[in-house]
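One structure is given below, encoded as structure tokens.
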Amino acid sequence: MNLTVSELSELVTNAGLHIETFDAVQNMPLLYKFALFRARTHKKFDENRARAEGYRLTWLGRRLQEVLMRFPHAFCNLYVVVARKP
């Protein structure tokens, strides 16, 4: 599902849960989708290798990804919500 932060928060709250933490995370860097930013050993996309070794980026790719991660709600592709019953 594609939900906004407020929609997901509301969904969890309406389910009767209290949100303890709400974090934007990434399971794959956005820039990894572009061969230009992938490490030399990852230029040819191989999902198994990427998962096993980590999604390796070039020096420039890592620096740009650091900048993008300053805006987590725009560039992360997952949210991890830790909630508990009241």
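A note on labels: chains of the structure tokens are A, B, ... as shown, every chain counts residues from 1, and ligands are counted from 1 in their shown order.
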Excluding segment 16-27 of chain A and residues on its chain fewer than 3 positions from it, collect all residues at most 8 Å away from it, counting only C-alpha atoms, and give them as a ChimeraX atom specification. /A:9,12-13,72-73,75-86
Check the DSSP output for the backbone and give back, as a ChimeraX atom specification, the residues of chain A in alpha helix (DSSP H). /A:5-14,47-53,59-68,72-75
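If only C-alpha atoms are the atoms counted, then among A:Leu60, A:Val67, A:Ala50, A:Leu3 the closest residue to Met28 of chain A is A:Ala50.
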Leaving out Phe34 of chain A and any residue of its chain fewer than 2 positions from it, which residues lie within 12 Å of it when counting only C-alpha atoms, given as a CSV table (one decimal) with all heavy atoms, in the first residue's frame?
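The resulting file, result16.csv, is reproduced below:
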```csv
chain,number,residue,atom,x,y,z
A,28,MET,N,17.0,-0.7,0.1
A,28,MET,CA,17.9,-0.6,-1.1
A,28,MET,C,18.0,0.9,-1.4
A,28,MET,O,17.0,1.6,-1.5
A,28,MET,CB,17.3,-1.3,-2.3
A,28,MET,CG,18.2,-1.2,-3.5
A,28,MET,SD,17.5,-2.1,-4.9
A,28,MET,CE,16.7,-0.8,-5.8
A,29,PRO,N,19.3,1.4,-1.5
A,29,PRO,CA,19.4,2.8,-1.8
A,29,PRO,C,18.8,3.1,-3.2
A,29,PRO,O,19.0,2.4,-4.2
A,29,PRO,CB,21.0,3.0,-1.9
A,29,PRO,CG,21.5,1.8,-1.2
A,29,PRO,CD,20.5,0.7,-1.3
A,30,LEU,N,18.2,4.2,-3.3
A,30,LEU,CA,17.5,4.7,-4.5
A,30,LEU,C,18.6,4.7,-5.6
A,30,LEU,O,18.3,4.3,-6.8
A,30,LEU,CB,16.9,6.1,-4.3
A,30,LEU,CG,16.4,6.7,-5.6
A,30,LEU,CD1,15.1,6.0,-6.1
A,30,LEU,CD2,16.1,8.2,-5.3
A,31,LEU,N,19.8,5.2,-5.4
A,31,LEU,CA,20.8,5.4,-6.4
A,31,LEU,C,21.3,4.1,-6.9
A,31,LEU,O,21.9,4.0,-8.0
A,31,LEU,CB,21.9,6.3,-5.9
A,31,LEU,CG,21.5,7.7,-5.6
A,31,LEU,CD1,22.7,8.5,-5.0
A,31,LEU,CD2,21.0,8.4,-6.8
A,32,TYR,N,21.1,3.0,-6.2
A,32,TYR,CA,21.5,1.7,-6.7
A,32,TYR,C,20.8,1.3,-8.0
A,32,TYR,O,21.3,0.5,-8.8
A,32,TYR,CB,21.3,0.6,-5.6
A,32,TYR,CG,22.0,-0.7,-6.0
A,32,TYR,CD1,23.4,-0.8,-5.7
A,32,TYR,CD2,21.4,-1.8,-6.5
A,32,TYR,CE1,24.1,-2.0,-6.0
A,32,TYR,CE2,22.0,-2.9,-6.8
A,32,TYR,CZ,23.4,-3.1,-6.6
A,32,TYR,OH,24.1,-4.2,-6.9
A,36,LEU,N,25.5,3.8,-13.0
A,36,LEU,CA,26.5,4.9,-12.8
A,36,LEU,C,26.9,5.0,-11.3
A,36,LEU,O,28.1,5.2,-11.1
A,36,LEU,CB,25.9,6.2,-13.3
A,36,LEU,CG,26.8,7.5,-13.0
A,36,LEU,CD1,28.0,7.4,-13.8
A,36,LEU,CD2,26.0,8.7,-13.3
A,37,PHE,N,26.0,4.8,-10.4
A,37,PHE,CA,26.3,4.9,-9.0
A,37,PHE,C,26.6,3.6,-8.3
A,37,PHE,O,27.0,3.7,-7.1
A,37,PHE,CB,25.1,5.6,-8.3
A,37,PHE,CG,24.9,7.0,-8.8
A,37,PHE,CD1,23.7,7.3,-9.5
A,37,PHE,CD2,25.8,8.0,-8.6
A,37,PHE,CE1,23.4,8.6,-10.0
A,37,PHE,CE2,25.5,9.3,-9.1
A,37,PHE,CZ,24.4,9.6,-9.8
A,38,ARG,N,26.6,2.5,-9.0
A,38,ARG,CA,26.9,1.2,-8.4
A,38,ARG,C,28.4,1.0,-8.4
A,38,ARG,O,29.1,1.4,-9.3
A,38,ARG,CB,26.3,0.1,-9.2
A,38,ARG,CG,24.8,-0.1,-8.9
A,38,ARG,CD,24.3,-1.4,-9.6
A,38,ARG,NE,23.0,-1.0,-10.2
A,38,ARG,CZ,22.7,-1.4,-11.4
A,38,ARG,NH1,23.5,-2.2,-12.2
A,38,ARG,NH2,21.6,-1.0,-12.0
A,39,ALA,N,28.9,0.3,-7.3
A,39,ALA,CA,30.3,0.0,-7.2
A,39,ALA,C,30.7,-0.9,-8.5
A,39,ALA,O,29.9,-1.5,-9.1
A,39,ALA,CB,30.5,-0.8,-6.0
A,42,HIS,N,29.5,-4.3,-9.0
A,42,HIS,CA,28.0,-4.4,-9.0
A,42,HIS,C,27.4,-3.7,-10.3
A,42,HIS,O,26.2,-3.5,-10.4
A,42,HIS,CB,27.4,-3.7,-7.8
A,42,HIS,CG,27.5,-4.6,-6.6
A,42,HIS,ND1,26.5,-5.0,-5.9
A,42,HIS,CD2,28.6,-5.0,-5.9
A,42,HIS,CE1,26.9,-5.7,-4.8
A,42,HIS,NE2,28.2,-5.7,-4.9
A,43,LYS,N,28.3,-3.3,-11.3
A,43,LYS,CA,27.8,-2.6,-12.4
A,43,LYS,C,26.7,-3.4,-13.2
A,43,LYS,O,25.7,-2.9,-13.6
A,43,LYS,CB,28.9,-2.3,-13.4
A,43,LYS,CG,29.9,-1.3,-12.9
A,43,LYS,CD,29.2,0.1,-12.8
A,43,LYS,CE,30.1,1.1,-12.3
A,43,LYS,NZ,29.5,2.4,-11.9
A,44,LYS,N,26.9,-4.7,-13.3
A,44,LYS,CA,25.8,-5.6,-13.9
A,44,LYS,C,24.9,-6.0,-12.7
A,44,LYS,O,25.4,-6.6,-11.8
A,44,LYS,CB,26.5,-6.8,-14.5
A,44,LYS,CG,25.4,-7.7,-15.2
A,44,LYS,CD,26.0,-8.9,-15.8
A,44,LYS,CE,24.9,-9.8,-16.4
A,44,LYS,NZ,25.2,-11.2,-16.3
A,45,PHE,N,23.7,-5.6,-12.9
A,45,PHE,CA,22.7,-5.9,-11.8
A,45,PHE,C,22.5,-7.4,-11.5
A,45,PHE,O,22.3,-8.1,-12.4
A,45,PHE,CB,21.4,-5.2,-12.0
A,45,PHE,CG,20.4,-5.4,-10.9
A,45,PHE,CD1,20.5,-4.6,-9.8
A,45,PHE,CD2,19.4,-6.3,-11.0
A,45,PHE,CE1,19.7,-4.7,-8.7
A,45,PHE,CE2,18.5,-6.5,-9.9
A,45,PHE,CZ,18.7,-5.7,-8.8
A,55,TYR,N,24.0,-3.5,-1.0
A,55,TYR,CA,23.9,-2.7,-2.2
A,55,TYR,C,25.0,-1.7,-2.2
A,55,TYR,O,24.9,-0.6,-1.7
A,55,TYR,CB,22.5,-2.0,-2.2
A,55,TYR,CG,21.4,-3.0,-2.3
A,55,TYR,CD1,20.8,-3.5,-1.1
A,55,TYR,CD2,20.9,-3.5,-3.5
A,55,TYR,CE1,19.8,-4.4,-1.2
A,55,TYR,CE2,19.9,-4.4,-3.6
A,55,TYR,CZ,19.3,-4.9,-2.4
A,55,TYR,OH,18.3,-5.8,-2.5
A,56,ARG,N,26.1,-2.1,-2.9
A,56,ARG,CA,27.3,-1.2,-2.8
A,56,ARG,C,27.3,-0.1,-3.9
A,56,ARG,O,27.0,-0.4,-5.0
A,56,ARG,CB,28.6,-2.1,-3.1
A,56,ARG,CG,28.8,-3.1,-1.9
A,56,ARG,CD,30.0,-3.8,-2.1
A,56,ARG,NE,30.2,-4.7,-0.9
A,56,ARG,CZ,31.1,-5.7,-0.8
A,56,ARG,NH1,31.9,-5.8,-1.8
A,56,ARG,NH2,31.1,-6.4,0.2
A,57,LEU,N,27.7,1.1,-3.4
A,57,LEU,CA,27.7,2.2,-4.3
A,57,LEU,C,29.1,2.7,-4.5
A,57,LEU,O,30.0,2.4,-3.6
A,57,LEU,CB,26.8,3.4,-3.7
A,57,LEU,CG,25.4,3.1,-3.5
A,57,LEU,CD1,24.7,4.2,-2.7
A,57,LEU,CD2,24.7,2.9,-4.8
A,58,THR,N,29.3,3.5,-5.5
A,58,THR,CA,30.6,4.2,-5.7
A,58,THR,C,30.8,5.3,-4.6
A,58,THR,O,29.8,5.6,-3.8
A,58,THR,CB,30.7,4.9,-7.0
A,58,THR,OG1,29.6,5.9,-7.1
A,58,THR,CG2,30.5,4.0,-8.2
A,61,GLY,N,28.2,7.9,-5.3
A,61,GLY,CA,26.9,7.3,-4.9
A,61,GLY,C,26.6,7.4,-3.5
A,61,GLY,O,25.5,7.7,-3.0
```
Where does DSSP see strand (DSSP E) in chain A, if you list the residues as a PyMOL selection string? chain A and resi 18-25+78-84
Could you work out how far atom CA of Arg70 of chain A lies from atom CA of Asp46 of chain A, giving the answer in Å with one decimal? 27.7 Å
Using atom CA of Met69 of chain A and atom CA of Lys33 of chain A as the two end points, give the distance in Å to one decimal.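 Between these atoms lies a distance of 15.7 Å.
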Distance in Å - atom CA of Glu7 of chain A versus atom CA of Leu64 of chain A: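 Between atom CA of Glu7 of chain A and atom CA of Leu64 of chain A the gap works out to 29.1 Å.
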